[in-house]
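For reference, protein.cif (mmCIF, C-alpha atoms):
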data_coords
loop_
_atom_site.group_PDB
_atom_site.id
_atom_site.type_symbol
_atom_site.label_atom_id
_atom_site.label_comp_id
_atom_site.auth_asym_id
_atom_site.auth_seq_id
_atom_site.Cartn_x
_atom_site.Cartn_y
_atom_site.Cartn_z
ATOM 1 C CA MET C 1133 0.000 0.000 0.000
ATOM 2 C CA LEU C 1134 2.878 2.429 0.580
ATOM 3 C CA SER C 1135 4.333 2.176 -2.896
ATOM 4 C CA GLU C 1136 2.429 3.389 -5.907
ATOM 5 C CA PRO C 1137 1.363 0.387 -8.005
ATOM 6 C CA ARG C 1138 2.910 0.239 -11.456
ATOM 7 C CA SER C 1139 -0.575 -0.223 -12.878
ATOM 8 C CA GLY C 1140 -1.521 3.112 -11.311
ATOM 9 C CA ARG C 1141 1.334 4.933 -13.024
ATOM 10 C CA LEU C 1142 0.583 3.274 -16.360
ATOM 11 C CA ALA C 1143 -3.126 4.068 -16.211
ATOM 12 C CA SER C 1144 -2.718 7.597 -14.842
ATOM 13 C CA TRP C 1145 -0.059 8.780 -17.283
ATOM 14 C CA GLY C 1146 -1.444 6.654 -20.097
ATOM 15 C CA ASN C 1147 -4.785 8.433 -19.689
ATOM 16 C CA ALA C 1148 -3.068 11.816 -19.761
ATOM 17 C CA LEU C 1149 -1.270 10.811 -22.950
ATOM 18 C CA LEU C 1150 -4.427 9.496 -24.601
ATOM 19 C CA ALA C 1151 -6.166 12.763 -23.730
ATOM 20 C CA GLY C 1152 -3.344 14.791 -25.289
ATOM 21 C CA LEU C 1153 -2.351 16.400 -21.985
ATOM 22 C CA VAL C 1154 1.263 15.170 -21.887
ATOM 23 C CA SER C 1155 3.887 14.181 -24.434
ATOM 24 C CA PRO C 1156 4.818 10.525 -25.051
ATOM 25 C CA ASP C 1157 8.284 11.128 -23.592
ATOM 26 C CA ASP C 1158 6.911 12.652 -20.380
ATOM 27 C CA ALA C 1159 4.341 9.883 -20.000
ATOM 28 C CA VAL C 1160 6.875 7.086 -20.449
ATOM 29 C CA LEU C 1161 9.344 8.759 -18.076
ATOM 30 C CA ALA C 1162 6.679 8.964 -15.356
ATOM 31 C CA ILE C 1163 5.477 5.394 -15.917
ATOM 32 C CA VAL C 1164 8.938 3.846 -15.792
ATOM 33 C CA ASP C 1165 9.881 5.969 -12.748
ATOM 34 C CA GLU C 1166 12.802 4.267 -10.960
ATOM 35 C CA ASP C 1167 12.661 1.054 -13.019
ATOM 36 C CA ALA C 1168 15.215 0.464 -15.767
ATOM 37 C CA VAL C 1169 12.840 -0.268 -18.619
ATOM 38 C CA HIS C 1170 9.257 -1.293 -19.396
ATOM 39 C CA ARG C 1171 8.204 -3.337 -22.418
ATOM 40 C CA VAL C 1172 4.876 -4.685 -23.655
ATOM 41 C CA GLU C 1173 4.586 -8.267 -24.907
ATOM 42 C CA GLY C 1174 1.714 -9.805 -26.880
ATOM 43 C CA LEU C 1175 0.441 -6.711 -28.682
ATOM 44 C CA PRO C 1176 -1.524 -7.597 -31.821
ATOM 45 C CA GLY C 1177 0.737 -7.237 -34.839
ATOM 46 C CA GLU C 1178 3.967 -7.415 -32.839
ATOM 47 C CA SER C 1179 6.025 -10.620 -32.718
ATOM 48 C CA ALA C 1180 8.302 -9.405 -29.896
ATOM 49 C CA PRO C 1181 8.085 -7.095 -26.866
ATOM 50 C CA VAL C 1182 8.054 -3.384 -27.738
ATOM 51 C CA GLY C 1183 8.750 -0.198 -25.804
ATOM 52 C CA LEU C 1184 6.063 1.771 -24.015
ATOM 53 C CA THR C 1185 5.950 4.606 -26.530
ATOM 54 C CA LEU C 1186 5.191 2.255 -29.406
ATOM 55 C CA ALA C 1187 2.858 0.165 -27.262
ATOM 56 C CA LEU C 1188 0.714 3.100 -26.134
ATOM 57 C CA GLY C 1189 0.503 4.364 -29.706
ATOM 58 C CA ARG C 1190 -0.499 0.912 -30.942
ATOM 59 C CA LEU C 1191 -3.181 0.586 -28.270
ATOM 60 C CA ARG C 1192 -4.620 3.904 -29.412
ATOM 61 C CA THR C 1193 -4.826 2.680 -33.009
ATOM 62 C CA LEU C 1194 -6.522 -0.492 -31.753
ATOM 63 C CA GLY C 1195 -9.315 1.633 -30.285
ATOM 64 C CA VAL C 1196 -8.197 2.131 -26.691
ATOM 65 C CA THR C 1197 -9.500 5.446 -25.366
ATOM 66 C CA ALA C 1198 -8.632 5.123 -21.650
ATOM 67 C CA LEU C 1199 -7.064 2.833 -19.073
ATOM 68 C CA ARG C 1200 -8.449 1.436 -15.829
ATOM 69 C CA VAL C 1201 -6.654 -0.067 -12.817
ATOM 70 C CA ALA C 1202 -7.400 -3.383 -11.101
ATOM 71 C CA LEU C 1203 -5.907 -4.258 -7.708
ATOM 72 C CA PRO C 1204 -7.241 -7.748 -6.960
ATOM 73 C CA ALA C 1205 -6.569 -9.835 -3.869
ATOM 74 C CA PRO C 1206 -7.630 -13.387 -2.952
ATOM 75 C CA GLY C 1207 -11.416 -13.418 -2.740
ATOM 76 C CA HIS C 1208 -11.663 -9.852 -4.037
ATOM 77 C CA PRO C 1209 -11.406 -9.430 -7.850
ATOM 78 C CA LEU C 1210 -11.299 -5.648 -7.523
ATOM 79 C CA GLY C 1211 -11.471 -3.936 -10.920
ATOM 80 C CA LEU C 1212 -11.500 -7.147 -12.973
ATOM 81 C CA SER C 1213 -14.098 -8.263 -15.494
ATOM 82 C CA GLY C 1214 -12.682 -11.587 -16.775
ATOM 83 C CA PRO C 1215 -12.062 -13.913 -18.447
ATOM 84 C CA PRO C 1216 -10.694 -16.327 -15.799
ATOM 85 C CA GLU C 1217 -7.292 -16.586 -17.496
ATOM 86 C CA PHE C 1218 -6.717 -12.846 -17.289
ATOM 87 C CA ASN C 1219 -8.087 -12.667 -13.753
ATOM 88 C CA ALA C 1220 -5.681 -15.403 -12.624
ATOM 89 C CA ARG C 1221 -2.665 -13.565 -14.068
ATOM 90 C CA ALA C 1222 -3.808 -10.293 -12.509
ATOM 91 C CA LEU C 1223 -4.395 -11.919 -9.135
ATOM 92 C CA GLU C 1224 -0.910 -13.408 -9.187
ATOM 93 C CA ALA C 1225 0.589 -9.984 -9.946
ATOM 94 C CA GLU C 1226 -1.859 -8.270 -7.546
ATOM 95 C CA GLU C 1227 -2.496 -5.600 -10.178
ATOM 96 C CA ALA C 1228 -3.424 -5.039 -13.810
ATOM 97 C CA VAL C 1229 -4.505 -2.402 -16.299
ATOM 98 C CA VAL C 1230 -7.740 -2.904 -18.241
ATOM 99 C CA CYS C 1231 -8.215 -1.013 -21.498
ATOM 100 C CA HIS C 1232 -11.376 0.958 -22.225
ATOM 101 C CA GLY C 1233 -12.574 0.985 -25.820
ATOM 102 C CA ALA C 1234 -10.891 -2.279 -26.850
ATOM 103 C CA ALA C 1235 -10.877 -5.684 -25.139
ATOM 104 C CA PHE C 1236 -7.277 -5.820 -23.916
ATOM 105 C CA GLY C 1237 -5.631 -5.925 -20.527
ATOM 106 C CA LEU C 1238 -2.044 -5.557 -19.325
ATOM 107 C CA VAL C 1239 -0.468 -7.521 -16.466
ATOM 108 C CA PRO C 1240 3.060 -6.697 -15.254
ATOM 109 C CA GLU C 1241 5.816 -9.224 -14.699
ATOM 110 C CA VAL C 1242 8.791 -7.825 -12.778
ATOM 111 C CA TYR C 1243 12.390 -9.003 -13.179
ATOM 112 C CA GLU C 1244 15.043 -7.935 -10.668
ATOM 113 C CA ALA C 1245 18.813 -8.454 -10.769
ATOM 114 C CA GLY C 1246 21.790 -7.096 -8.877
ATOM 115 C CA PRO C 1247 22.866 -6.606 -5.260
ATOM 116 C CA ASP C 1248 20.970 -4.667 -2.605
ATOM 117 C CA GLY C 1249 21.227 -0.977 -3.283
ATOM 118 C CA ASP C 1250 21.878 -1.491 -6.985
ATOM 119 C CA VAL C 1251 18.914 -3.550 -8.181
ATOM 120 C CA HIS C 1252 18.135 -3.440 -11.896
ATOM 121 C CA VAL C 1253 14.380 -3.709 -12.486
ATOM 122 C CA GLU C 1254 12.771 -4.550 -15.806
ATOM 123 C CA VAL C 1255 9.021 -4.837 -16.294
ATOM 124 C CA VAL C 1256 7.246 -6.767 -19.042
ATOM 125 C CA TRP C 1257 3.560 -6.006 -19.473
ATOM 126 C CA HIS C 1258 1.682 -8.968 -20.931
ATOM 127 C CA CYS C 1259 -1.133 -7.889 -23.244
ATOM 128 C CA LEU C 1260 -4.054 -10.305 -22.981
ATOM 129 C CA PRO C 1261 -7.710 -10.396 -24.064
ATOM 130 C CA VAL C 1262 -10.288 -9.284 -21.503
ATOM 131 C CA ARG C 1263 -14.055 -9.394 -21.256
ATOM 132 C CA GLU C 1264 -15.829 -6.116 -21.931
ATOM 133 C CA ALA C 1265 -17.957 -5.767 -18.810
ATOM 134 C CA PRO C 1266 -18.230 -3.448 -15.793
ATOM 135 C CA PRO C 1267 -15.258 -3.852 -13.414
ATOM 136 C CA ALA C 1268 -15.894 -5.625 -10.124
ATOM 137 C CA ASP C 1269 -16.550 -3.707 -6.886
ATOM 138 C CA VAL C 1270 -15.242 -0.268 -7.887
ATOM 139 C CA PRO C 1271 -16.920 2.517 -5.885
ATOM 140 C CA SER C 1272 -17.533 6.077 -7.003
ATOM 141 C CA LEU C 1273 -15.144 8.741 -5.766
ATOM 142 C CA GLY C 1274 -17.755 10.010 -3.337
ATOM 143 C CA GLU C 1275 -18.342 6.554 -1.896
ATOM 144 C CA ALA C 1276 -14.607 5.922 -1.648
ATOM 145 C CA GLU C 1277 -13.994 9.183 0.186
ATOM 146 C CA ARG C 1278 -16.717 8.468 2.755
ATOM 147 C CA GLU C 1279 -15.529 4.896 3.261
ATOM 148 C CA LEU C 1280 -11.930 6.039 3.678
ATOM 149 C CA ALA C 1281 -12.763 8.582 6.361
ATOM 150 C CA GLU C 1282 -14.403 5.808 8.358
ATOM 151 C CA ALA C 1283 -11.542 3.396 7.601
ATOM 152 C CA LEU C 1284 -8.965 5.883 8.855
ATOM 153 C CA ARG C 1285 -10.800 6.168 12.161
ATOM 154 C CA ASP C 1286 -11.182 2.372 12.336
ATOM 155 C CA ALA C 1287 -7.485 1.773 11.630
ATOM 156 C CA THR C 1288 -6.422 4.234 14.342
ATOM 157 C CA GLU C 1289 -8.794 2.665 16.863
ATOM 158 C CA VAL C 1290 -7.632 -0.859 16.010
ATOM 159 C CA LEU C 1291 -3.964 0.035 16.429
ATOM 160 C CA SER C 1292 -4.674 1.687 19.749
ATOM 161 C CA ARG C 1293 -6.924 -1.100 21.064
ATOM 162 C CA LEU C 1294 -4.495 -3.867 20.106
ATOM 163 C CA ASP C 1295 -1.535 -1.860 21.426
ATOM 164 C CA VAL C 1296 0.407 -1.993 18.174
ATOM 165 C CA ALA C 1297 3.584 -0.011 18.591
ATOM 166 C CA GLY C 1298 3.498 3.289 16.746
ATOM 167 C CA SER C 1299 7.185 4.011 17.048
ATOM 168 C CA GLY C 1300 10.428 2.308 16.209
ATOM 169 C CA PRO C 1301 12.564 2.202 13.053
ATOM 170 C CA VAL C 1302 10.071 0.365 10.835
ATOM 171 C CA ALA C 1303 7.166 2.629 11.738
ATOM 172 C CA GLU C 1304 9.320 5.736 11.336
ATOM 173 C CA ALA C 1305 10.567 4.536 7.949
ATOM 174 C CA ALA C 1306 6.991 3.937 6.823
ATOM 175 C CA ILE C 1307 5.896 7.403 7.858
ATOM 176 C CA ASP C 1308 9.001 8.997 6.313
ATOM 177 C CA ALA C 1309 8.294 7.186 3.033
ATOM 178 C CA TYR C 1310 4.783 8.570 2.961
ATOM 179 C CA ARG C 1311 5.949 12.093 3.726
ATOM 180 C CA ALA C 1312 8.640 11.921 1.052
ATOM 181 C CA ARG C 1313 6.072 10.758 -1.463
ATOM 182 C CA ALA C 1314 3.699 13.524 -0.416
ATOM 183 C CA GLU C 1315 6.396 16.157 -0.924
ATOM 184 C CA ARG C 1316 7.722 14.896 -4.260
ATOM 185 C CA GLY C 1317 6.300 17.483 -6.641
ATOM 186 C CA ARG C 1318 2.753 16.601 -5.557
ATOM 187 C CA GLU C 1319 2.112 14.653 -8.773
ATOM 188 C CA VAL C 1320 0.026 11.952 -7.143
ATOM 189 C CA LEU C 1321 -1.922 11.655 -10.393
ATOM 190 C CA ALA C 1322 -1.163 12.778 -13.926
ATOM 191 C CA PRO C 1323 -2.728 15.916 -15.450
ATOM 192 C CA GLY C 1324 -6.431 15.655 -16.204
ATOM 193 C CA TYR C 1325 -7.608 14.079 -12.962
ATOM 194 C CA PRO C 1326 -10.128 15.925 -10.769
ATOM 195 C CA PRO C 1327 -8.882 17.340 -7.435
ATOM 196 C CA ARG C 1328 -11.176 14.957 -5.579
ATOM 197 C CA ALA C 1329 -9.367 11.972 -7.099
ATOM 198 C CA VAL C 1330 -6.042 13.343 -5.844
ATOM 199 C CA ARG C 1331 -7.544 13.829 -2.393
ATOM 200 C CA VAL C 1332 -8.961 10.295 -2.303
ATOM 201 C CA LEU C 1333 -5.686 8.736 -3.438
ATOM 202 C CA GLU C 1334 -3.706 10.702 -0.850
ATOM 203 C CA LEU C 1335 -6.065 9.535 1.894
ATOM 204 C CA ALA C 1336 -5.831 5.934 0.679
ATOM 205 C CA GLN C 1337 -2.044 6.179 0.918
ATOM 206 C CA ARG C 1338 -2.328 7.562 4.433
ATOM 207 C CA VAL C 1339 -4.500 4.619 5.474
ATOM 208 C CA GLY C 1340 -1.922 2.374 3.815
ATOM 209 C CA VAL C 1341 0.783 3.819 6.054
ATOM 210 C CA LEU C 1342 -1.154 2.837 9.162
ATOM 211 C CA ILE C 1343 -1.778 -0.664 7.831
ATOM 212 C CA SER C 1344 1.893 -1.108 6.968
ATOM 213 C CA VAL C 1345 2.911 0.035 10.443
ATOM 214 C CA ALA C 1346 0.518 -2.495 11.957
ATOM 215 C CA TYR C 1347 1.731 -5.424 9.879
ATOM 216 C CA GLU C 1348 5.450 -4.645 9.673
ATOM 217 C CA ASN C 1349 6.281 -3.154 13.059
ATOM 218 C CA GLY C 1350 6.519 -6.377 14.988
ATOM 219 C CA HIS C 1351 3.730 -7.658 17.204
ATOM 220 C CA GLY C 1352 3.329 -4.594 19.402
ATOM 221 C CA GLY C 1353 1.212 -5.544 22.378
ATOM 222 C CA ALA C 1354 -0.371 -8.499 20.548
ATOM 223 C CA VAL C 1355 1.683 -11.154 22.250
ATOM 224 C CA SER C 1356 -0.489 -14.198 21.611
ATOM 225 C CA ALA C 1357 -1.378 -15.936 18.366
ATOM 226 C CA SER C 1358 -5.046 -15.161 18.932
ATOM 227 C CA GLU C 1359 -4.313 -11.453 19.426
ATOM 228 C CA ILE C 1360 -2.179 -11.346 16.286
ATOM 229 C CA ALA C 1361 -4.994 -13.053 14.358
ATOM 230 C CA ALA C 1362 -7.493 -10.569 15.800
ATOM 231 C CA ARG C 1363 -5.368 -7.662 14.610
ATOM 232 C CA ALA C 1364 -5.165 -9.093 11.092
ATOM 233 C CA GLU C 1365 -8.912 -9.731 11.040
ATOM 234 C CA ALA C 1366 -9.673 -6.199 12.215
ATOM 235 C CA LEU C 1367 -7.384 -4.549 9.661
ATOM 236 C CA ARG C 1368 -8.433 -6.654 6.668
ATOM 237 C CA PRO C 1369 -11.572 -4.611 5.839
ATOM 238 C CA VAL C 1370 -9.576 -1.392 6.270
ATOM 239 C CA GLU C 1371 -6.989 -2.573 3.751
ATOM 240 C CA ARG C 1372 -9.789 -3.604 1.379
ATOM 241 C CA THR C 1373 -11.346 -0.149 1.612
ATOM 242 C CA ALA C 1374 -8.010 1.525 0.870
ATOM 243 C CA ARG C 1375 -7.494 -0.626 -2.232
ATOM 244 C CA ARG C 1376 -11.023 0.146 -3.463
ATOM 245 C CA ALA C 1377 -10.343 3.845 -3.010
ATOM 246 C CA GLN C 1378 -7.081 3.634 -4.967
ATOM 247 C CA VAL C 1379 -8.886 2.014 -7.883
ATOM 248 C CA ALA C 1380 -11.691 4.578 -7.713
ATOM 249 C CA ALA C 1381 -9.155 7.406 -7.888
ATOM 250 C CA TYR C 1382 -7.171 5.971 -10.793
ATOM 251 C CA ASN C 1383 -10.355 5.118 -12.714
ATOM 252 C CA SER C 1384 -12.170 8.388 -12.056
ATOM 253 C CA VAL C 1385 -11.292 9.905 -15.434
ATOM 254 C CA VAL C 1386 -12.901 6.958 -17.214
ATOM 255 C CA GLU C 1387 -15.964 7.016 -14.962
ATOM 256 C CA GLU C 1388 -16.522 10.747 -15.519
ATOM 257 C CA ARG C 1389 -16.093 10.319 -19.252
ATOM 258 C CA GLU C 1390 -18.699 7.533 -19.280
ATOM 259 C CA ARG C 1391 -21.133 9.783 -17.413
ATOM 260 C CA GLY C 1392 -20.503 12.547 -19.940
ATOM 261 C CA LEU C 1393 -18.948 14.909 -17.408
ATOM 262 C CA ARG C 1394 -15.715 15.478 -19.319
#
Encoded form (structure tokens):
Amino acid sequence: MLSEPRSGRLASWGNALLAGLVSPDDAVLAIVDEDAVHRVEGLPGESAPVGLTLALGRLRTLGVTALRVALPAPGHPLGLSGPPEFNARALEAEEAVVCHGAAFGLVPEVYEAGPDGDVHVEVVWHCLPVREAPPADVPSLGEAERELAEALRDATEVLSRLDVAGSGPVAEAAIDAYRARAERGREVLAPGYPPRAVRVLELAQRVGVLISVAYENGHGGAVSASEIAARAEALRPVERTARRAQVAAYNSVVEERERGLR
């Protein structure tokens, strides 16, 4: 939850590119971010993986008008519409991009090499057929914002009730990572997204910080197996709400376009 999903960067900046709000070079630079290179494999008409610039242009010619995000988890096919083969690949990767306007989807496969501190990351996006149907369990921005406000209160109460430590190096690193992200040019989303989507995504990331602190900062006061299980059970719906809100934010441009608001 702390790190921005690669599918979010691809959809956000891909949508800005498709809308003519950014140049191909700027879009690709933002999508790749700190990775070494991204390629797309399986595009119709291409016998080998191609770079992002060519891939995004090809998707446009194939009829793609926008990109949606899916962030599925076991038992929660969030943002997916099928078929089962695509859903299985997306669930394994825990993320995917679903094209709007043409029945294609993109699932990332990440390759890492090198020692700690000097890891070389390459990403191959597999282009696969998808079913043209409404995505599963994606709320509106308004619903997501209301749910997140409640989830933030719930997460704080759970951490306090279960005596999960809120300090220490792991917790401090998590909070520092969030603050650094929040201060990095404030480009949470690419140009073209409504301010409410930025607000919802920022709040989802804040909830994600609390969840990460709870899961990664040792056992806190939960000293028994039953108490640890209770903490996980209590935080699970909060994490689910934060993921739903992320998807709602990334997909808001498509939803507004479908309602004829943009």
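For the pair atom CA of Leu1175 of chain C and atom CA of Ile1163 of chain C, the interatomic distance is 18.3 Å.
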Please expand the PyMOL selection byres ((chain C and resi 1188) around 12) into the concrete residues it hits in this file, giving the result as an mmCIF file with C-alpha atoms, keeping the file's coordinate frame.
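The resulting file, part39.cif, is reproduced below:
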data_model
loop_
_atom_site.group_PDB
_atom_site.id
_atom_site.type_symbol
_atom_site.label_atom_id
_atom_site.label_comp_id
_atom_site.auth_asym_id
_atom_site.auth_seq_id
_atom_site.Cartn_x
_atom_site.Cartn_y
_atom_site.Cartn_z
ATOM 1 C CA LEU C 1142 0.583 3.274 -16.360
ATOM 2 C CA ALA C 1143 -3.126 4.068 -16.211
ATOM 3 C CA TRP C 1145 -0.059 8.780 -17.283
ATOM 4 C CA GLY C 1146 -1.444 6.654 -20.097
ATOM 5 C CA ASN C 1147 -4.785 8.433 -19.689
ATOM 6 C CA ALA C 1148 -3.068 11.816 -19.761
ATOM 7 C CA LEU C 1149 -1.270 10.811 -22.950
ATOM 8 C CA LEU C 1150 -4.427 9.496 -24.601
ATOM 9 C CA SER C 1155 3.887 14.181 -24.434
ATOM 10 C CA PRO C 1156 4.818 10.525 -25.051
ATOM 11 C CA ASP C 1157 8.284 11.128 -23.592
ATOM 12 C CA ALA C 1159 4.341 9.883 -20.000
ATOM 13 C CA VAL C 1160 6.875 7.086 -20.449
ATOM 14 C CA ILE C 1163 5.477 5.394 -15.917
ATOM 15 C CA HIS C 1170 9.257 -1.293 -19.396
ATOM 16 C CA ARG C 1171 8.204 -3.337 -22.418
ATOM 17 C CA VAL C 1172 4.876 -4.685 -23.655
ATOM 18 C CA LEU C 1175 0.441 -6.711 -28.682
ATOM 19 C CA VAL C 1182 8.054 -3.384 -27.738
ATOM 20 C CA GLY C 1183 8.750 -0.198 -25.804
ATOM 21 C CA LEU C 1184 6.063 1.771 -24.015
ATOM 22 C CA THR C 1185 5.950 4.606 -26.530
ATOM 23 C CA LEU C 1186 5.191 2.255 -29.406
ATOM 24 C CA ALA C 1187 2.858 0.165 -27.262
ATOM 25 C CA GLY C 1189 0.503 4.364 -29.706
ATOM 26 C CA ARG C 1190 -0.499 0.912 -30.942
ATOM 27 C CA LEU C 1191 -3.181 0.586 -28.270
ATOM 28 C CA ARG C 1192 -4.620 3.904 -29.412
ATOM 29 C CA THR C 1193 -4.826 2.680 -33.009
ATOM 30 C CA LEU C 1194 -6.522 -0.492 -31.753
ATOM 31 C CA GLY C 1195 -9.315 1.633 -30.285
ATOM 32 C CA VAL C 1196 -8.197 2.131 -26.691
ATOM 33 C CA THR C 1197 -9.500 5.446 -25.366
ATOM 34 C CA ALA C 1198 -8.632 5.123 -21.650
ATOM 35 C CA LEU C 1199 -7.064 2.833 -19.073
ATOM 36 C CA CYS C 1231 -8.215 -1.013 -21.498
ATOM 37 C CA LEU C 1238 -2.044 -5.557 -19.325
ATOM 38 C CA TRP C 1257 3.560 -6.006 -19.473
ATOM 39 C CA CYS C 1259 -1.133 -7.889 -23.244
#
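One finds atom CA of Ala1228 of chain C at 14.9 Å from atom CA of Ala1381 of chain C.
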Legend entry - Residues within 6 Å of Leu1212 of chain C, all atoms listed in the file, excluding chain neighbours under 4 positions, as a PyMOL selection string: chain C and resi 1202+1267-1268
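Among the candidates C:Glu1365, C:Asp1165, C:Glu1178, C:Glu1227, the one nearest to Ile1343 of chain C when counting only C-alpha atoms is C:Glu1365.
Take the candidates C:Ala1162, C:Val1169, C:Val1270, C:Ala1151 and check each one against Tyr1382 of chain C using only C-alpha atoms; the shortest distance goes to C:Val1270.
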Inset, instruction - Show which residues sit within 8 Å of Arg1376 of chain C, as a PyMOL selection string. Count all atoms listed in the file, and ignore same-chain residues fewer than 4 positions away. - result: chain C and resi 1203+1210+1269-1271+1276+1372+1380
Legend entry - Surrounding residues of Val1255 of chain C excluding itself and chain neighbours under 3 positions, 10 Å, only C-alpha atoms, as a PyMOL selection string: chain C and resi 1138+1164+1167-1172+1239-1244+1258
Inset, instruction - Decode the PyMOL selection byres ((chain C and resi 1272) around 12) for the given file into explicit residues and return them as a list in words. - result: Asp1269, Val1270, Pro1271, Leu1273, Gly1274, Glu1275, Ala1276, Glu1277, Arg1278, Glu1279, Arg1328, Ala1329, Val1332, Arg1376, Ala1377, Gln1378, Val1379, Ala1380, Ala1381, Tyr1382, Asn1383, Ser1384, Val1385, Val1386, Glu1387, Glu1388 and Arg1391 of chain C
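Closest approach to Tyr1325 of chain C among C:Pro1261, C:His1232, C:Ala1245, C:Arg1389 is made by C:Arg1389 (distances from only C-alpha atoms).
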Legend entry - atom CA of Ala1374 of chain C to atom CA of Ala1336 of chain C, straight-line distance in Å: 4.9 Å
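Nearest residue to Leu1367 of chain C among C:Val1341, C:Ala1283, C:Leu1321, C:Ala1180 is C:Ala1283, counting all atoms listed in the file.
Each of C:Leu1284, C:Ala1220, C:Val1230, C:Leu1333 was compared to Glu1371 of chain C using all atoms listed in the file, and C:Leu1284 turns out to be the nearest.
Closest to Glu1226 of chain C among C:Pro1204, C:Pro1247, C:Pro1266, C:Gly1324 is C:Pro1204, based on all atoms listed in the file.
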